[in-house]
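Chemist: I am sharing query_32.cif, which consists of mmCIF, C-alpha atoms:
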```
data_query
#
loop_
_atom_site.group_PDB
_atom_site.id
_atom_site.type_symbol
_atom_site.label_atom_id
_atom_site.label_comp_id
_atom_site.auth_asym_id
_atom_site.auth_seq_id
_atom_site.Cartn_x
_atom_site.Cartn_y
_atom_site.Cartn_z
ATOM 1 C CA MET A 1 -2.902 11.659 -4.841
ATOM 2 C CA SER A 2 -3.221 14.333 -7.524
ATOM 3 C CA ASP A 3 -3.328 17.984 -6.509
ATOM 4 C CA CYS A 4 -6.790 18.221 -8.071
ATOM 5 C CA GLY A 5 -8.042 15.299 -5.957
ATOM 6 C CA THR A 6 -9.493 13.305 -8.873
ATOM 7 C CA ARG A 7 -6.697 10.770 -9.453
ATOM 8 C CA ALA A 8 -4.387 8.606 -7.396
ATOM 9 C CA VAL A 9 -1.898 5.766 -7.758
ATOM 10 C CA SER A 10 -0.574 3.035 -5.466
ATOM 11 C CA VAL A 11 2.495 0.879 -6.026
ATOM 12 C CA ILE A 12 3.522 -2.024 -3.778
ATOM 13 C CA GLY A 13 6.643 -4.113 -4.258
ATOM 14 C CA PHE A 14 6.338 -7.587 -2.742
ATOM 15 C CA ILE A 15 8.870 -10.280 -1.909
ATOM 16 C CA GLY A 16 6.444 -12.856 -0.615
ATOM 17 C CA SER A 17 3.240 -11.479 -2.107
ATOM 18 C CA VAL A 18 1.076 -11.592 1.008
ATOM 19 C CA PHE A 19 -2.230 -11.164 -0.859
ATOM 20 C CA SER A 20 -1.390 -13.666 -3.594
ATOM 21 C CA PRO A 21 -3.404 -16.899 -3.471
ATOM 22 C CA TRP A 22 -0.502 -18.623 -5.235
ATOM 23 C CA TYR A 23 1.830 -17.731 -2.380
ATOM 24 C CA LYS A 24 -0.692 -19.052 0.139
ATOM 25 C CA TRP A 25 -1.246 -22.275 -1.832
ATOM 26 C CA SER A 26 2.550 -22.780 -2.057
ATOM 27 C CA GLY A 27 2.801 -22.920 1.729
ATOM 28 C CA ARG A 28 4.673 -19.606 1.819
ATOM 29 C CA ARG A 29 7.985 -21.450 1.986
ATOM 30 C CA ASP A 30 9.822 -19.427 -0.686
ATOM 31 C CA PRO A 31 8.995 -15.688 -0.627
ATOM 32 C CA ALA A 32 11.332 -14.832 -3.509
ATOM 33 C CA ASN A 33 9.405 -17.238 -5.743
ATOM 34 C CA HIS A 34 6.285 -15.088 -5.286
ATOM 35 C CA CYS A 35 7.312 -11.521 -6.029
ATOM 36 C CA CYS A 36 5.335 -8.710 -7.564
ATOM 37 C CA ILE A 37 5.164 -4.997 -8.313
ATOM 38 C CA ASN A 38 1.475 -4.192 -7.880
ATOM 39 C CA VAL A 39 0.379 -0.963 -9.615
ATOM 40 C CA ALA A 40 -3.116 0.498 -9.413
ATOM 41 C CA THR A 41 -4.391 3.782 -10.814
ATOM 42 C CA TYR A 42 -7.586 5.417 -9.547
ATOM 43 C CA GLY A 43 -9.945 7.878 -11.159
ATOM 44 C CA PRO A 44 -10.744 8.054 -14.895
ATOM 45 C CA LYS A 45 -9.189 5.156 -16.842
ATOM 46 C CA GLY A 46 -8.112 3.478 -13.627
ATOM 47 C CA ARG A 47 -6.439 0.065 -13.892
ATOM 48 C CA PHE A 48 -5.284 -2.685 -11.486
ATOM 49 C CA THR A 49 -2.195 -4.839 -12.075
ATOM 50 C CA MET A 50 -0.846 -7.570 -9.788
ATOM 51 C CA THR A 51 1.132 -10.380 -11.439
ATOM 52 C CA ASP A 52 2.707 -13.022 -9.202
ATOM 53 C CA ARG A 53 6.135 -13.907 -10.654
ATOM 54 C CA GLY A 54 8.812 -16.507 -9.868
ATOM 55 C CA ARG A 55 12.274 -16.005 -8.413
ATOM 56 C CA ALA A 56 13.866 -15.741 -11.887
ATOM 57 C CA ALA A 57 11.974 -12.446 -12.318
ATOM 58 C CA LEU A 58 13.526 -10.880 -9.183
ATOM 59 C CA ARG A 59 16.738 -8.837 -9.198
ATOM 60 C CA GLN A 60 17.998 -6.577 -6.432
ATOM 61 C CA SER A 61 20.935 -4.318 -5.776
ATOM 62 C CA GLU A 62 21.587 -1.523 -3.300
ATOM 63 C CA ASP A 63 19.646 1.026 -5.351
ATOM 64 C CA VAL A 64 17.446 -1.089 -7.655
ATOM 65 C CA PHE A 65 14.515 -3.468 -7.136
ATOM 66 C CA GLU A 66 13.290 -5.263 -10.279
ATOM 67 C CA VAL A 67 10.400 -7.665 -10.704
ATOM 68 C CA GLY A 68 9.856 -8.742 -14.282
ATOM 69 C CA PRO A 69 9.536 -5.775 -16.647
ATOM 70 C CA SER A 70 8.918 -3.219 -13.859
ATOM 71 C CA SER A 71 11.390 -1.696 -11.417
ATOM 72 C CA MET A 72 12.054 0.800 -8.641
ATOM 73 C CA ARG A 73 15.389 2.593 -8.371
ATOM 74 C CA TRP A 74 16.974 5.431 -6.465
ATOM 75 C CA GLU A 75 18.501 8.144 -8.635
ATOM 76 C CA GLY A 76 20.184 10.518 -6.215
ATOM 77 C CA ASP A 77 17.441 11.850 -3.945
ATOM 78 C CA LYS A 78 14.458 10.645 -6.002
ATOM 79 C CA LEU A 79 12.749 7.279 -6.390
ATOM 80 C CA VAL A 80 11.962 6.358 -10.009
ATOM 81 C CA ILE A 81 9.413 3.618 -10.697
ATOM 82 C CA GLU A 82 9.284 2.191 -14.228
ATOM 83 C CA VAL A 83 6.008 0.396 -14.904
ATOM 84 C CA ASN A 84 5.336 -2.136 -17.664
ATOM 85 C CA GLU A 85 2.412 -4.342 -16.645
ATOM 86 C CA ILE A 86 -0.853 -5.817 -17.946
ATOM 87 C CA SER A 87 -3.985 -4.953 -15.985
ATOM 88 C CA SER A 88 -6.375 -7.527 -14.570
ATOM 89 C CA PRO A 89 -9.948 -8.180 -15.758
ATOM 90 C CA PRO A 90 -12.341 -6.670 -16.535
ATOM 91 C CA LEU A 91 -10.259 -3.819 -18.060
ATOM 92 C CA ILE A 92 -7.317 -5.584 -19.666
ATOM 93 C CA SER A 93 -4.696 -3.258 -21.136
ATOM 94 C CA ARG A 94 -1.021 -2.383 -20.856
ATOM 95 C CA VAL A 95 -0.113 -0.013 -18.015
ATOM 96 C CA ARG A 96 3.179 1.617 -18.898
ATOM 97 C CA GLY A 97 5.179 4.675 -17.903
ATOM 98 C CA THR A 98 7.072 6.310 -15.063
ATOM 99 C CA ILE A 99 6.326 7.473 -11.522
ATOM 100 C CA THR A 100 8.838 9.715 -9.768
ATOM 101 C CA LEU A 101 8.772 10.354 -6.025
ATOM 102 C CA HIS A 102 10.621 13.340 -4.535
ATOM 103 C CA PRO A 103 10.893 12.957 -0.710
ATOM 104 C CA GLU A 104 11.099 16.132 1.334
ATOM 105 C CA ALA A 105 12.904 14.186 4.061
ATOM 106 C CA LEU A 106 13.815 10.569 4.793
ATOM 107 C CA PHE A 107 13.022 8.864 8.102
ATOM 108 C CA GLY A 108 14.800 5.772 9.386
ATOM 109 C CA GLN A 109 12.704 4.701 12.377
ATOM 110 C CA VAL A 110 11.154 1.225 12.452
ATOM 111 C CA HIS A 111 7.909 0.757 14.414
ATOM 112 C CA ASP A 112 6.744 -2.646 15.672
ATOM 113 C CA LEU A 113 3.120 -3.516 14.943
ATOM 114 C CA THR A 114 3.106 -6.552 17.256
ATOM 115 C CA PRO A 115 4.555 -6.947 20.758
ATOM 116 C CA ASP A 116 7.085 -9.548 19.596
ATOM 117 C CA GLY A 117 8.206 -7.541 16.566
ATOM 118 C CA SER A 118 7.009 -10.169 14.078
ATOM 119 C CA HIS A 119 5.561 -7.344 11.981
ATOM 120 C CA SER A 120 7.022 -3.883 11.592
ATOM 121 C CA TRP A 121 6.461 -0.694 9.630
ATOM 122 C CA GLN A 122 8.975 1.815 8.323
ATOM 123 C CA PRO A 123 7.617 5.083 6.898
ATOM 124 C CA PHE A 124 10.618 6.172 4.804
ATOM 125 C CA ALA A 125 9.149 9.289 3.180
ATOM 126 C CA PRO A 126 5.778 10.365 4.609
ATOM 127 C CA ILE A 127 6.078 13.791 2.952
ATOM 128 C CA ALA A 128 6.839 13.818 -0.756
ATOM 129 C CA ARG A 129 5.880 15.143 -4.165
ATOM 130 C CA ILE A 130 4.989 12.743 -6.948
ATOM 131 C CA GLU A 131 4.991 12.946 -10.741
ATOM 132 C CA VAL A 132 2.929 10.370 -12.644
ATOM 133 C CA ASP A 133 3.134 9.640 -16.377
ATOM 134 C CA LEU A 134 1.301 6.380 -16.982
ATOM 135 C CA SER A 135 -0.834 5.138 -19.822
ATOM 136 C CA PRO A 136 -3.715 4.976 -20.106
ATOM 137 C CA GLY A 137 -4.718 8.488 -19.072
ATOM 138 C CA HIS A 138 -2.666 9.322 -15.978
ATOM 139 C CA THR A 139 -0.343 12.298 -16.300
ATOM 140 C CA TRP A 140 -0.417 14.436 -13.175
ATOM 141 C CA GLN A 141 1.422 15.726 -10.118
ATOM 142 C CA GLY A 142 0.485 15.564 -6.472
ATOM 143 C CA HIS A 143 1.545 14.604 -2.960
ATOM 144 C CA GLY A 144 3.033 11.213 -2.234
ATOM 145 C CA TYR A 145 4.181 8.799 0.453
ATOM 146 C CA PHE A 146 6.655 5.901 0.635
ATOM 147 C CA ASP A 147 6.864 3.224 3.331
ATOM 148 C CA ALA A 148 7.581 -0.471 3.899
ATOM 149 C CA ASN A 149 6.141 -3.334 5.921
ATOM 150 C CA PHE A 150 8.130 -6.370 7.036
ATOM 151 C CA GLY A 151 6.903 -9.574 8.629
ATOM 152 C CA SER A 152 8.023 -13.059 9.633
ATOM 153 C CA ALA A 153 4.498 -14.531 9.932
ATOM 154 C CA ALA A 154 1.318 -14.566 7.888
ATOM 155 C CA LEU A 155 -0.816 -11.465 8.467
ATOM 156 C CA GLU A 156 -3.918 -13.490 9.274
ATOM 157 C CA ASP A 157 -1.998 -15.458 11.914
ATOM 158 C CA ASP A 158 -1.284 -12.321 13.938
ATOM 159 C CA PHE A 159 -4.043 -9.812 13.105
ATOM 160 C CA ASN A 160 -7.823 -9.741 12.981
ATOM 161 C CA TYR A 161 -8.141 -6.217 11.597
ATOM 162 C CA TRP A 162 -6.191 -3.048 10.982
ATOM 163 C CA THR A 163 -6.573 0.435 9.632
ATOM 164 C CA TRP A 164 -3.908 2.793 8.370
ATOM 165 C CA GLY A 165 -4.110 6.403 7.249
ATOM 166 C CA ARG A 166 -1.706 9.091 6.064
ATOM 167 C CA PHE A 167 -3.031 12.642 6.192
ATOM 168 C CA PRO A 168 -1.112 15.629 4.783
ATOM 169 C CA ARG A 169 -1.196 18.734 6.934
ATOM 170 C CA SER A 170 0.059 22.288 6.711
ATOM 171 C CA HIS A 171 3.090 21.473 8.851
ATOM 172 C CA GLY A 172 3.880 17.960 7.599
ATOM 173 C CA ALA A 173 1.942 14.684 7.630
ATOM 174 C CA THR A 174 0.235 12.564 10.281
ATOM 175 C CA CYS A 175 -0.026 8.759 10.158
ATOM 176 C CA PHE A 176 -2.253 6.449 12.185
ATOM 177 C CA TYR A 177 -1.787 2.671 12.405
ATOM 178 C CA ASP A 178 -4.399 0.840 14.498
ATOM 179 C CA ALA A 179 -4.472 -2.956 14.735
ATOM 180 C CA VAL A 180 -6.507 -5.606 16.515
ATOM 181 C CA LEU A 181 -4.348 -8.673 17.168
ATOM 182 C CA ARG A 182 -5.584 -12.245 17.095
ATOM 183 C CA ASP A 183 -5.801 -12.366 20.894
ATOM 184 C CA GLY A 184 -8.098 -9.313 20.869
ATOM 185 C CA SER A 185 -5.509 -6.861 22.155
ATOM 186 C CA GLU A 186 -4.976 -3.586 20.345
ATOM 187 C CA GLN A 187 -1.847 -1.910 19.057
ATOM 188 C CA SER A 188 -1.945 1.774 18.046
ATOM 189 C CA THR A 189 0.706 4.065 16.589
ATOM 190 C CA ALA A 190 0.194 7.785 15.936
ATOM 191 C CA LEU A 191 3.056 9.764 14.431
ATOM 192 C CA HIS A 192 3.536 13.246 13.071
ATOM 193 C CA PHE A 193 6.306 13.950 10.574
ATOM 194 C CA HIS A 194 7.718 17.453 10.207
ATOM 195 C CA ARG A 195 9.118 18.856 6.991
ATOM 196 C CA ASP A 196 12.500 19.414 8.627
ATOM 197 C CA GLY A 197 12.967 15.672 9.266
ATOM 198 C CA ARG A 198 11.699 15.495 12.829
ATOM 199 C CA MET A 199 9.243 12.800 13.902
ATOM 200 C CA GLU A 200 7.161 12.757 17.069
ATOM 201 C CA HIS A 201 4.731 10.379 18.711
ATOM 202 C CA ILE A 202 1.428 12.148 19.247
ATOM 203 C CA THR A 203 -1.762 11.515 21.156
ATOM 204 C CA ALA A 204 -4.231 10.294 18.566
ATOM 205 C CA PRO A 205 -7.696 11.823 18.309
ATOM 206 C CA PRO A 206 -10.581 9.447 19.094
ATOM 207 C CA ARG A 207 -11.451 6.599 16.749
ATOM 208 C CA ALA A 208 -14.314 7.531 14.448
ATOM 209 C CA ARG A 209 -16.276 5.054 12.369
ATOM 210 C CA PHE A 210 -17.619 5.982 8.960
ATOM 211 C CA ALA A 211 -19.528 4.294 6.139
ATOM 212 C CA ARG A 212 -18.565 0.712 5.305
ATOM 213 C CA SER A 213 -17.034 -0.092 1.938
ATOM 214 C CA LEU A 214 -18.948 -1.566 -1.009
ATOM 215 C CA TRP A 215 -18.050 -5.037 0.340
ATOM 216 C CA ALA A 216 -19.177 -3.942 3.819
ATOM 217 C CA VAL A 217 -15.666 -3.862 5.301
ATOM 218 C CA ARG A 218 -15.818 -1.916 8.567
ATOM 219 C CA ARG A 219 -13.964 1.386 8.405
ATOM 220 C CA GLU A 220 -12.707 3.733 11.065
ATOM 221 C CA THR A 221 -9.955 6.310 11.386
ATOM 222 C CA ARG A 222 -8.967 9.088 13.754
ATOM 223 C CA ALA A 223 -10.831 12.402 13.958
ATOM 224 C CA ASP A 224 -11.530 15.255 16.343
ATOM 225 C CA ALA A 225 -14.394 14.565 18.738
ATOM 226 C CA GLY A 226 -17.777 14.860 17.007
ATOM 227 C CA VAL A 227 -16.335 14.638 13.476
ATOM 228 C CA VAL A 228 -17.572 11.893 11.131
ATOM 229 C CA PRO A 229 -14.934 11.101 8.460
ATOM 230 C CA ARG A 230 -16.161 10.820 4.886
ATOM 231 C CA GLN A 231 -14.936 9.028 1.785
ATOM 232 C CA ILE A 232 -14.024 11.522 -0.937
ATOM 233 C CA MET A 233 -12.827 9.112 -3.647
ATOM 234 C CA PRO A 234 -13.113 5.320 -3.863
ATOM 235 C CA MET A 235 -9.971 3.439 -4.775
ATOM 236 C CA LEU A 236 -9.700 -0.280 -4.049
ATOM 237 C CA ASP A 237 -12.694 -2.352 -2.943
ATOM 238 C CA ALA A 238 -12.123 -6.029 -2.199
ATOM 239 C CA PRO A 239 -14.068 -8.386 0.084
ATOM 240 C CA PHE A 240 -11.382 -8.021 2.771
ATOM 241 C CA TYR A 241 -9.545 -4.795 1.880
ATOM 242 C CA THR A 242 -10.529 -1.232 1.095
ATOM 243 C CA ARG A 243 -8.481 1.824 0.127
ATOM 244 C CA SER A 244 -9.950 5.295 -0.371
ATOM 245 C CA ALA A 245 -9.372 9.013 -0.073
ATOM 246 C CA VAL A 246 -10.955 10.125 3.207
ATOM 247 C CA ARG A 247 -11.623 13.545 4.669
ATOM 248 C CA THR A 248 -11.110 13.922 8.418
ATOM 249 C CA VAL A 249 -10.259 16.673 10.903
ATOM 250 C CA ILE A 250 -7.129 16.518 13.094
ATOM 251 C CA ASP A 251 -6.553 19.189 15.753
ATOM 252 C CA GLY A 252 -9.049 21.434 14.013
ATOM 253 C CA GLU A 253 -7.386 21.091 10.609
ATOM 254 C CA PRO A 254 -9.314 19.379 7.771
ATOM 255 C CA SER A 255 -7.270 16.916 5.738
ATOM 256 C CA VAL A 256 -7.885 14.508 2.866
ATOM 257 C CA GLY A 257 -5.576 11.513 2.979
ATOM 258 C CA VAL A 258 -5.329 7.894 1.898
ATOM 259 C CA HIS A 259 -6.985 5.378 4.236
ATOM 260 C CA GLU A 260 -6.948 1.593 4.273
ATOM 261 C CA ALA A 261 -8.912 -0.989 6.252
ATOM 262 C CA LEU A 262 -8.005 -4.684 6.207
ATOM 263 C CA ASP A 263 -10.143 -7.501 7.626
ATOM 264 C CA LEU A 264 -7.826 -10.491 8.071
ATOM 265 C CA ARG A 265 -10.594 -12.762 9.335
ATOM 266 C CA ARG A 266 -12.259 -12.423 5.973
ATOM 267 C CA TYR A 267 -8.975 -12.850 4.127
ATOM 268 C CA ALA A 268 -8.380 -16.141 5.953
ATOM 269 C CA GLN A 269 -11.493 -17.680 4.360
ATOM 270 C CA PRO A 270 -10.395 -20.321 1.792
ATOM 271 C CA LEU A 271 -13.209 -19.473 -0.636
ATOM 272 C CA LEU A 272 -11.688 -16.057 -1.262
ATOM 273 C CA LYS A 273 -8.499 -17.452 -2.792
ATOM 274 C CA PRO A 274 -9.976 -18.648 -6.142
ATOM 275 C CA MET A 275 -11.649 -15.243 -6.511
ATOM 276 C CA LEU A 276 -8.298 -13.540 -5.995
ATOM 277 C CA ALA A 277 -6.603 -15.774 -8.550
ATOM 278 C CA VAL A 278 -8.664 -14.100 -11.279
ATOM 279 C CA ARG A 279 -7.205 -10.718 -10.344
ATOM 280 C CA VAL A 280 -3.704 -12.008 -9.523
ATOM 281 C CA PRO A 281 -2.347 -14.138 -12.388
ATOM 282 C CA ARG A 282 0.727 -16.326 -11.879
ATOM 283 C CA ARG A 283 3.596 -15.955 -14.395
ATOM 284 C CA LYS A 284 6.320 -18.146 -12.879
ATOM 285 C CA GLY A 285 8.308 -18.566 -16.106
ATOM 286 C CA TRP A 286 9.237 -14.919 -16.760
ATOM 287 C CA ARG A 287 13.000 -14.410 -17.078
ATOM 288 C CA PHE A 288 15.333 -11.498 -17.777
ATOM 289 C CA GLN A 289 16.910 -11.548 -21.222
ATOM 290 C CA ASP A 290 20.697 -11.807 -21.092
ATOM 291 C CA THR A 291 22.026 -8.810 -23.026
ATOM 292 C CA ALA A 292 25.704 -9.361 -22.306
ATOM 293 C CA GLY A 293 28.209 -9.418 -25.196
#
```
Once more with this new file: its structure as structure tokens, please.

Modeler:
Amino acid sequence: MSDCGTRAVSVIGFIGSVFSPWYKWSGRRDPANHCCINVATYGPKGRFTMTDRGRAALRQSEDVFEVGPSSMRWEGDKLVIEVNEISSPPLISRVRGTITLHPEALFGQVHDLTPDGSHSWQPFAPIARIEVDLSPGHTWQGHGYFDANFGSAALEDDFNYWTWGRFPRSHGATCFYDAVLRDGSEQSTALHFHRDGRMEHITAPPRARFARSLWAVRRETRADAGVVPRQIMPMLDAPFYTRSAVRTVIDGEPSVGVHEALDLRRYAQPLLKPMLAVRVPRRKGWRFQDTAG
């Protein structure tokens, strides 16, 4: 999110693009054949890009992750993301430029989201600075976050619903991950990350519901008793998924962070997949050009 609070960006690298209808229709047998670097900018001149590409468009090394013309790479202690994508309808244009993430500390812990460990979450850099230089219209600095999710099963097979939030605070950042599993049981994780590299499990404030999204996705996060969280900036609104900047209060401290709510029961509906195909084109034939010799 930008320091001024009017712009934001999200980038997700997928091997096995879990929200791609093409991956679902393929039977999810070959994750590497459905890879993607999804880039979305929010605020003025915001764009959404999510192109499902084949295995020939994927290259990886210890420090570099490439999908088609876009890439992520570590350069010393910073993560550099090179973006070269085409946005989805209705605003079709090239999204091109660089995002640089500067972590204040790196965290190695992995946290299971299901009792059997079939899904896990690793918040690598919950406290970071970010520099954005993307066309069209996004040149700014702000606070950033970098994590990863891993899974060996389809999300909708194991979850009914989840919410996630990352809230910057004066002494670090606090993250909440709350999930309702398919059997109705609940799994909750509340962590605070300190600037000196320490992480601690904390007692989460009570759950607090707030206004539903434009597609009426239920939303809740954590807040001090009596506080009603409030959306400050809309980001992504889909029939099953919403992302927004949300103001809450944690231990008496107001914070505006990024919040997501995901309804997997809705996502499981077959009629949603053709709608998603409009926003997620398939480009299976993209290949790297051989520049050797």

Chemist: On this structure, which residues satisfy the PyMOL selection byres ((chain A and resi 30) around 12), written as a short mmCIF file (atom, residue, chain, number, x, y, z; two decimals) with C-alpha atoms, keeping the file's coordinate frame?

Modeler:
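Wrote it out as part_9.cif, contents follow:
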```cif
data_model
loop_
_atom_site.label_atom_id
_atom_site.label_comp_id
_atom_site.auth_asym_id
_atom_site.auth_seq_id
_atom_site.Cartn_x
_atom_site.Cartn_y
_atom_site.Cartn_z
CA ILE A 15 8.87 -10.28 -1.91
CA GLY A 16 6.44 -12.86 -0.62
CA SER A 17 3.24 -11.48 -2.11
CA VAL A 18 1.08 -11.59 1.01
CA TRP A 22 -0.50 -18.62 -5.24
CA TYR A 23 1.83 -17.73 -2.38
CA LYS A 24 -0.69 -19.05 0.14
CA TRP A 25 -1.25 -22.28 -1.83
CA SER A 26 2.55 -22.78 -2.06
CA GLY A 27 2.80 -22.92 1.73
CA ARG A 28 4.67 -19.61 1.82
CA ARG A 29 7.98 -21.45 1.99
CA PRO A 31 8.99 -15.69 -0.63
CA ALA A 32 11.33 -14.83 -3.51
CA ASN A 33 9.40 -17.24 -5.74
CA HIS A 34 6.28 -15.09 -5.29
CA CYS A 35 7.31 -11.52 -6.03
CA ARG A 53 6.14 -13.91 -10.65
CA GLY A 54 8.81 -16.51 -9.87
CA ARG A 55 12.27 -16.00 -8.41
#
```

Chemist: Evaluated on this file, the PyMOL selection byres ((chain A and resi 166) around 9) picks out some residues - which ones are they, written as a ChimeraX atom specification?

Modeler: /A:126,145,164-165,167-168,173-176,256-259

Chemist: For atom CA of Gln289 of chain A and atom CA of Asp63 of chain A, quote the distance in Å rounded to one decimal.

Modeler: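 Separating atom CA of Gln289 of chain A from atom CA of Asp63 of chain A is a distance of 20.4 Å.
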
Chemist: Just the residues within 8 Å of Pro69 of chain A, please, counting all atoms listed in the file, with nothing from its chain fewer than 6 positions along; format it as a list of chain:residue names.

Modeler: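 The neighbour list is A:Val83, A:Asn84, A:Glu85.
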
Chemist: Taking the file as shown, what set of residues would the PyMOL selection byres ((chain A and resi 101) around 12) give back, as a PDB file with C-alpha atoms, in the coordinates of the input?

Modeler:
```pdb
ATOM      1  CA  MET A   1      -2.902  11.659  -4.841  1.00  0.00           C
ATOM      2  CA  VAL A   9      -1.898   5.766  -7.758  1.00  0.00           C
ATOM      3  CA  SER A  10      -0.574   3.035  -5.466  1.00  0.00           C
ATOM      4  CA  VAL A  11       2.495   0.879  -6.026  1.00  0.00           C
ATOM      5  CA  MET A  72      12.054   0.800  -8.641  1.00  0.00           C
ATOM      6  CA  ARG A  73      15.389   2.593  -8.371  1.00  0.00           C
ATOM      7  CA  TRP A  74      16.974   5.431  -6.465  1.00  0.00           C
ATOM      8  CA  GLU A  75      18.501   8.144  -8.635  1.00  0.00           C
ATOM      9  CA  GLY A  76      20.184  10.518  -6.215  1.00  0.00           C
ATOM     10  CA  ASP A  77      17.441  11.850  -3.945  1.00  0.00           C
ATOM     11  CA  LYS A  78      14.458  10.645  -6.002  1.00  0.00           C
ATOM     12  CA  LEU A  79      12.749   7.279  -6.390  1.00  0.00           C
ATOM     13  CA  VAL A  80      11.962   6.358 -10.009  1.00  0.00           C
ATOM     14  CA  ILE A  81       9.413   3.618 -10.697  1.00  0.00           C
ATOM     15  CA  GLU A  82       9.284   2.191 -14.228  1.00  0.00           C
ATOM     16  CA  THR A  98       7.072   6.310 -15.063  1.00  0.00           C
ATOM     17  CA  ILE A  99       6.326   7.473 -11.522  1.00  0.00           C
ATOM     18  CA  THR A 100       8.838   9.715  -9.768  1.00  0.00           C
ATOM     19  CA  HIS A 102      10.621  13.340  -4.535  1.00  0.00           C
ATOM     20  CA  PRO A 103      10.893  12.957  -0.710  1.00  0.00           C
ATOM     21  CA  GLU A 104      11.099  16.132   1.334  1.00  0.00           C
ATOM     22  CA  ALA A 105      12.904  14.186   4.061  1.00  0.00           C
ATOM     23  CA  LEU A 106      13.815  10.569   4.793  1.00  0.00           C
ATOM     24  CA  PHE A 124      10.618   6.172   4.804  1.00  0.00           C
ATOM     25  CA  ALA A 125       9.149   9.289   3.180  1.00  0.00           C
ATOM     26  CA  PRO A 126       5.778  10.365   4.609  1.00  0.00           C
ATOM     27  CA  ILE A 127       6.078  13.791   2.952  1.00  0.00           C
ATOM     28  CA  ALA A 128       6.839  13.818  -0.756  1.00  0.00           C
ATOM     29  CA  ARG A 129       5.880  15.143  -4.165  1.00  0.00           C
ATOM     30  CA  ILE A 130       4.989  12.743  -6.948  1.00  0.00           C
ATOM     31  CA  GLU A 131       4.991  12.946 -10.741  1.00  0.00           C
ATOM     32  CA  VAL A 132       2.929  10.370 -12.644  1.00  0.00           C
ATOM     33  CA  ASP A 133       3.134   9.640 -16.377  1.00  0.00           C
ATOM     34  CA  GLN A 141       1.422  15.726 -10.118  1.00  0.00           C
ATOM     35  CA  GLY A 142       0.485  15.564  -6.472  1.00  0.00           C
ATOM     36  CA  HIS A 143       1.545  14.604  -2.960  1.00  0.00           C
ATOM     37  CA  GLY A 144       3.033  11.213  -2.234  1.00  0.00           C
ATOM     38  CA  TYR A 145       4.181   8.799   0.453  1.00  0.00           C
ATOM     39  CA  PHE A 146       6.655   5.901   0.635  1.00  0.00           C
ATOM     40  CA  ASP A 147       6.864   3.224   3.331  1.00  0.00           C
TER      41      ASP A 147
END
```

Chemist: Do you know which residues are at most 7 Å from Val67 of chain A counting all atoms listed in the file, after dropping those on the same chain fewer than 6 positions away, and could you put them as a count of residues only?

Modeler: 6

Chemist: In Å, rounded to a single decimal, give me how far atom CA of Arg230 of chain A is from atom CA of Ala268 of chain A.

Modeler: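 Computing the Euclidean distance for atom CA of Ala268 of chain A and atom CA of Arg230 of chain A yields 28.1 Å.
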
Chemist: Could you tell me how far atom CA of Pro229 of chain A lies from atom CA of Ala208 of chain A, in Å and to one decimal?

Modeler: 7.0 Å
